[in-house]
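Right, one structure below, let's go through it.
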Amino acid sequence: MPKRSLMLALDVGTTKVSALVAESKADGEVAVLGIAATPVVGMRRGLVFEIERVALAIRDAANRANSMAGTSLTQAGVAINGDHLMLVPGQAKIALKTGVIRSEDLQQVMIKAAHVSLANDREVIRVIRRGISVDGFRGVVDPVGMVAHTLESEVFVVSGLNTVIRNLRHVISIAGLSVSSFVPAPEASANAVLSDDEKQVGVVHLDIGGGTTGVSVYRGGHVQHLGVVPLGGESITADLSMGLGVVPTQAERLKLEHAAVGSEREGTLEVRAVSGQAVKLIPLKELQEIVAARIEEWTDYVEKQLQKIEWTKGPAAGVVMTGGGSLLKGLDSHLQVRWGWPVRIGTPHGLGGLSDLSKSPGYATVVGVAKAMAQNKLEPEPETLWRRILQFWVNLWG
Ligand SMILES: Nc1ncnc2c1ncn2[C@@H]1O[C@H](COP(=O)(O)OP(=O)(O)OP(=O)(O)O)[C@@H](O)[C@H]1O
Ligand SMILES: [Mg+2]
């Protein structure tokens with residue numbers, strides 16, 4: 001019997017750890033066998049702050065996904081998040097000696113393009129291919145065998161801070177697991193929900209989590225931008241808690257049940273903040289004003305990311321949102337009116353098995369990690385930049 005290709009994907013989010021066990025089938029299908037999410041404390045804005053508590057949540061989520069799948073996988077593909085993630089463009093051009101493009105030429109030009117200069121406190125997480133040009137003609141998909149004088153490649157090198165990467169690897173090892181590969185969280189969540197057509201015509205993806213918002217832009221089939229804004233749904237909850245004088249759990253409940261961007265509902269809500277306290281009357285108007293102020297700030301941050309792209313007409317496929325924060329009532333219509341682009345909530349697609357469980361927009365990142373692992377686009381973790389780049393090549397073209 002052929003060996004089954006099983007994999008474990010992890011997303012250590014600011015509010016929850018998600019784990020997913022999947023099988024990559026010969027026909028290309030990714031079948032979900034187990035999926036679990038465990039609430040976590042000890043993360044801030046996508047970064048690990050309390051090792052022991054985060055490790056407990058990782059262990060719990062991985063155990064539950066493994067036991068649902070009947071597996072005991074310990075090597076995981078892991079999403080990496082946070083506003084330390086940086087995208088640096090690289091490009092290189094080589095003259096061809098033989099006049100025909102060989103796979104070695106492609107390797108050489110990609111390695112050269114990925115050799116960007118990074119500060120000492122950073123390491124490469126992933127190299128994303130942006131485009132290949134042959135004798136100046138852009139957009140070539142598979143240039144091997146073409147007759148040409150020059151070959152040019154453009155890449156994006158995604159790097160992260162050493163200390164953040166080391167701590168994530170460390171907390172995962174304390175949970176009894178190891179990291180087989182990292183994938184940038186905004187790229188993972190985008191890949192879980194965007195179609196090739198959307199990436200071709202132009203699309204903005206926002207993964208609105210608890211402590212972060214991942215922003216990715218695709219056009220012409222390639223990534224144009226990836227970035228992370230250090231703000232998510234938790235800041236709305238914190239503002240409501242402070243502004244209305246209620247405990248965070250109450251503030252969260254008020255947000256989920258009553259907050260709506262752009263709402264003009266009047267009236268008051270009765271809240272008993274802590275046991276024994278008198279009932280508190282909260283004007284809905286005040287609640288909505290607090291939400292609106294934070295959403296205004298958040299929108300400014302996101303727009304700063306979007307300004308990094310030169311738009312002629314905006315993304316033809318509009319904006320696709322994932323993450324729990326995308327479920328805030330009225331957010332889609334607020335953005336649609338403000339930007340004039342269609343906005344929708346994306347659900348992870350292209351999965352078999354227990355796929356219904358993984359269709360929540362909050363699971364997009366972990367699903368994207370599994371998909372990337374299945375496509376074998378992720379390199380095993382080598383120690384040096386050069387081995388990383390070589391391995392990336394072996395996976396991509398091998
Ligand atoms: N129905 C809803 N309306 C508004 N906000 C919601 C809703 N459901 C969930 N949220 C918010 O979504 C956030 C959690 O989203 P998600 O699970 O995607 O975050 P995460 O992956 O843990 O965090 P991050 O991606 O920032 O590291 C919380 O702030 C929660 O309050
Ligand atoms: Mg997340």
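To be explicit about the labels: the chains of the structure tokens are called A, B, and onward in the order shown, and within each one the residues are counted from 1, while ligands get numbers from 1 in the order they are shown.
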
query: Once you count only C-alpha atoms and all ligand atoms, which residues end up within 10 Å of ligand 2, and could you hand them over as JSON, numbers by chain?
result: {"A": [11, 12, 13, 14, 15, 16, 17, 18, 45, 46, 79, 80, 81, 82, 185, 186, 189, 207, 208, 209, 210, 211, 212, 213, 214, 232, 322, 323, 324, 325, 361, 362, 363, 364, 365, 366]}

- prompt: What's the 10 Å shell around Asn66 in chain A, counting only C-alpha atoms, without same-chain residues fewer than 6 positions away, as a PyMOL selection string?
  reply: chain A and resi 8+19-22+33-36+60+72-74

Take the residues that were just selected and, keeping N, CA, C and O atoms, output them as an mmCIF file, in the first residue's frame.
data_model
loop_
_atom_site.group_PDB
_atom_site.id
_atom_site.type_symbol
_atom_site.label_atom_id
_atom_site.label_comp_id
_atom_site.auth_asym_id
_atom_site.auth_seq_id
_atom_site.Cartn_x
_atom_site.Cartn_y
_atom_site.Cartn_z
ATOM 1 N N LEU A 8 0.400 18.025 9.372
ATOM 2 C CA LEU A 8 -0.160 18.802 10.480
ATOM 3 C C LEU A 8 0.152 20.274 10.223
ATOM 4 O O LEU A 8 1.307 20.636 9.991
ATOM 5 N N ALA A 19 -5.298 23.916 14.803
ATOM 6 C CA ALA A 19 -4.485 22.811 14.288
ATOM 7 C C ALA A 19 -5.336 22.033 13.306
ATOM 8 O O ALA A 19 -6.554 21.884 13.501
ATOM 9 N N LEU A 20 -4.705 21.579 12.244
ATOM 10 C CA LEU A 20 -5.451 20.853 11.221
ATOM 11 C C LEU A 20 -4.601 19.680 10.738
ATOM 12 O O LEU A 20 -3.420 19.854 10.436
ATOM 13 N N VAL A 21 -5.192 18.492 10.727
ATOM 14 C CA VAL A 21 -4.517 17.326 10.150
ATOM 15 C C VAL A 21 -5.196 17.035 8.823
ATOM 16 O O VAL A 21 -6.428 16.989 8.744
ATOM 17 N N ALA A 22 -4.397 16.916 7.783
ATOM 18 C CA ALA A 22 -4.973 16.684 6.458
ATOM 19 C C ALA A 22 -4.160 15.641 5.718
ATOM 20 O O ALA A 22 -3.017 15.357 6.064
ATOM 21 N N LEU A 33 -8.801 15.691 7.961
ATOM 22 C CA LEU A 33 -9.089 14.524 8.802
ATOM 23 C C LEU A 33 -9.373 14.935 10.244
ATOM 24 O O LEU A 33 -10.044 14.234 10.983
ATOM 25 N N GLY A 34 -8.798 16.060 10.642
ATOM 26 C CA GLY A 34 -9.007 16.524 12.019
ATOM 27 C C GLY A 34 -8.766 18.011 12.095
ATOM 28 O O GLY A 34 -7.886 18.534 11.415
ATOM 29 N N ILE A 35 -9.566 18.689 12.905
ATOM 30 C CA ILE A 35 -9.388 20.137 13.029
ATOM 31 C C ILE A 35 -9.817 20.559 14.431
ATOM 32 O O ILE A 35 -10.791 20.022 14.974
ATOM 33 N N ALA A 36 -9.079 21.484 15.036
ATOM 34 C CA ALA A 36 -9.419 21.927 16.395
ATOM 35 C C ALA A 36 -8.891 23.333 16.617
ATOM 36 O O ALA A 36 -7.904 23.730 16.011
ATOM 37 N N ASP A 60 -2.782 21.323 23.218
ATOM 38 C CA ASP A 60 -4.193 20.930 23.257
ATOM 39 C C ASP A 60 -4.788 20.877 21.840
ATOM 40 O O ASP A 60 -5.432 19.899 21.467
ATOM 41 N N SER A 72 -0.748 10.763 14.996
ATOM 42 C CA SER A 72 0.062 11.329 16.087
ATOM 43 C C SER A 72 1.218 12.125 15.465
ATOM 44 O O SER A 72 2.373 11.879 15.760
ATOM 45 N N LEU A 73 0.846 13.037 14.600
ATOM 46 C CA LEU A 73 1.869 13.821 13.891
ATOM 47 C C LEU A 73 2.498 14.844 14.834
ATOM 48 O O LEU A 73 1.805 15.449 15.657
ATOM 49 N N THR A 74 3.794 15.033 14.705
ATOM 50 C CA THR A 74 4.471 16.009 15.574
ATOM 51 C C THR A 74 5.223 17.080 14.773
ATOM 52 O O THR A 74 5.664 18.064 15.339
#

Please identify all polymer residues within 9 Å of Leu177 in chain A, counting only C-alpha atoms, omitting same-chain residues fewer than 6 positions from it, and present them as an mmCIF file with N, CA, C and O atoms, in the first residue's frame.
data_model
loop_
_atom_site.group_PDB
_atom_site.id
_atom_site.type_symbol
_atom_site.label_atom_id
_atom_site.label_comp_id
_atom_site.auth_asym_id
_atom_site.auth_seq_id
_atom_site.Cartn_x
_atom_site.Cartn_y
_atom_site.Cartn_z
ATOM 1 N N ILE A 58 -1.142 25.156 22.290
ATOM 2 C CA ILE A 58 -0.666 24.470 21.070
ATOM 3 C C ILE A 58 -0.815 22.955 21.249
ATOM 4 O O ILE A 58 -1.324 22.248 20.372
ATOM 5 N N ARG A 59 -0.383 22.484 22.430
ATOM 6 C CA ARG A 59 -0.440 21.039 22.684
ATOM 7 C C ARG A 59 -1.893 20.560 22.610
ATOM 8 O O ARG A 59 -2.201 19.546 21.997
ATOM 9 N N ALA A 62 -3.245 20.628 18.929
ATOM 10 C CA ALA A 62 -2.619 19.577 18.102
ATOM 11 C C ALA A 62 -3.114 18.198 18.540
ATOM 12 O O ALA A 62 -3.435 17.343 17.700
ATOM 13 N N LEU A 73 0.846 13.037 14.600
ATOM 14 C CA LEU A 73 1.869 13.821 13.891
ATOM 15 C C LEU A 73 2.498 14.844 14.834
ATOM 16 O O LEU A 73 1.805 15.449 15.657
ATOM 17 N N THR A 74 3.794 15.033 14.705
ATOM 18 C CA THR A 74 4.471 16.009 15.574
ATOM 19 C C THR A 74 5.223 17.080 14.773
ATOM 20 O O THR A 74 5.664 18.064 15.339
ATOM 21 N N GLN A 75 5.407 16.856 13.491
ATOM 22 C CA GLN A 75 6.094 17.865 12.664
ATOM 23 C C GLN A 75 5.040 18.729 12.000
ATOM 24 O O GLN A 75 4.152 18.195 11.312
ATOM 25 N N ALA A 76 5.143 20.035 12.178
ATOM 26 C CA ALA A 76 4.056 20.894 11.694
ATOM 27 C C ALA A 76 4.544 21.981 10.751
ATOM 28 O O ALA A 76 5.626 22.534 10.927
ATOM 29 N N VAL A 171 8.423 27.730 21.469
ATOM 30 C CA VAL A 171 7.154 27.416 22.132
ATOM 31 C C VAL A 171 6.544 26.150 21.516
ATOM 32 O O VAL A 171 5.926 25.333 22.220
#

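Atom 12 (O, counted along the ligand's line) of ligand 1 to CA of Val201 in chain A spans 28.7 Å [interatomic distance, one decimal].
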
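Residue nearest Gly318 in chain A within the list A:Thr71, A:Ser153, A:Gln336, A:Thr268: A:Gln336 [criterion: smallest interatomic distance, only C-alpha atoms].
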
task: Report the distance between CA of Gly352 in chain A and CA of Ser180 in chain A in Å, rounded to one decimal place.
output: 23.2 Å

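Interatomic distance, CA of Ser159 in chain A to atom 12 (O, counted along the ligand's line) of ligand 1: 26.2 Å.
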
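Using only C-alpha atoms, the contacts of Arg219 in chain A at a cut-off of 7 Å, with sequence neighbours closer than 6 positions omitted, comprise Lys199, Gln200, Val201, Gly202 and Val203 of chain A.
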
field: Members of range 119-206 of chain A assigned strand (DSSP E or B) by DSSP, as number ranges by chain
entry: A: 122-134, 137, 147, 150-161, 178-184, 203-206

- prompt: Which residues in range 164-345 of chain A does DSSP call alpha helix (DSSP H)? List them as a VMD selection string.
  reply: chain A and resid 164 to 174 185 to 193 196 to 201 233 to 244 248 to 258 284 to 306 331 to 339

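Closest approach to ligand 1 among A:Leu256, A:Val228, A:Val30, A:Val48 is made by A:Leu256 (distances from only C-alpha atoms and all ligand atoms).
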
Need the shell around Gly350 in chain A: protein/DNA/RNA residues with any atom at most 10 Å away, counting only C-alpha atoms. Skip same-chain ones fewer than 4 positions apart. Format as a CSV table (one decimal) with N, CA and C atoms, in the first residue's frame?
chain,number,residue,atom,x,y,z
A,28,GLY,N,-4.5,15.4,-6.0
A,28,GLY,CA,-4.3,16.9,-5.7
A,28,GLY,C,-5.3,17.3,-4.6
A,29,GLU,N,-6.3,16.5,-4.2
A,29,GLU,CA,-7.2,17.0,-3.2
A,29,GLU,C,-6.5,17.0,-1.8
A,30,VAL,N,-6.9,18.0,-1.0
A,30,VAL,CA,-6.5,18.0,0.4
A,30,VAL,C,-7.7,17.6,1.3
A,31,ALA,N,-7.6,16.5,1.9
A,31,ALA,CA,-8.8,16.1,2.7
A,31,ALA,C,-8.5,16.3,4.2
A,192,ALA,N,-6.0,30.3,1.0
A,192,ALA,CA,-7.1,29.4,1.4
A,192,ALA,C,-8.4,29.8,0.8
A,193,VAL,N,-8.5,31.1,0.4
A,193,VAL,CA,-9.8,31.6,0.0
A,193,VAL,C,-9.8,32.2,-1.4
A,195,SER,N,-9.3,32.6,-5.5
A,195,SER,CA,-9.2,31.8,-6.7
A,195,SER,C,-8.1,32.3,-7.6
A,355,SER,N,-14.4,18.9,5.4
A,355,SER,CA,-14.2,20.3,5.0
A,355,SER,C,-15.2,21.3,5.6
A,367,VAL,N,-5.8,26.5,7.2
A,367,VAL,CA,-6.1,25.8,5.9
A,367,VAL,C,-5.1,26.2,4.9
A,371,LYS,N,-2.7,23.8,2.7
A,371,LYS,CA,-2.7,23.8,1.2
A,371,LYS,C,-1.2,24.0,0.7

Option closest in space to ligand 1, from A:Ala238, A:Leu335, A:Val204, A:Val179 [counting only C-alpha atoms and all ligand atoms]: A:Ala238

- request: Using only C-alpha atoms and all ligand atoms, find the one residue out of A:Gln107, A:Thr163, A:Gln250, A:Gln91 that sits nearest to ligand 1.
  value: A:Gln250

field: Residue neighbourhood range 139-152 of chain A, 12 Å, only C-alpha atoms, exclusion window fewer than 3 positions, as number ranges by chain
entry: A: 90-113, 129-136, 155, 200, 219-222, 396-397

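Distances here use only C-alpha atoms; by that measure, the residue among A:Ala119, A:Val271, A:Ala372, A:Met7 closest to Val183 in chain A is A:Ala372.
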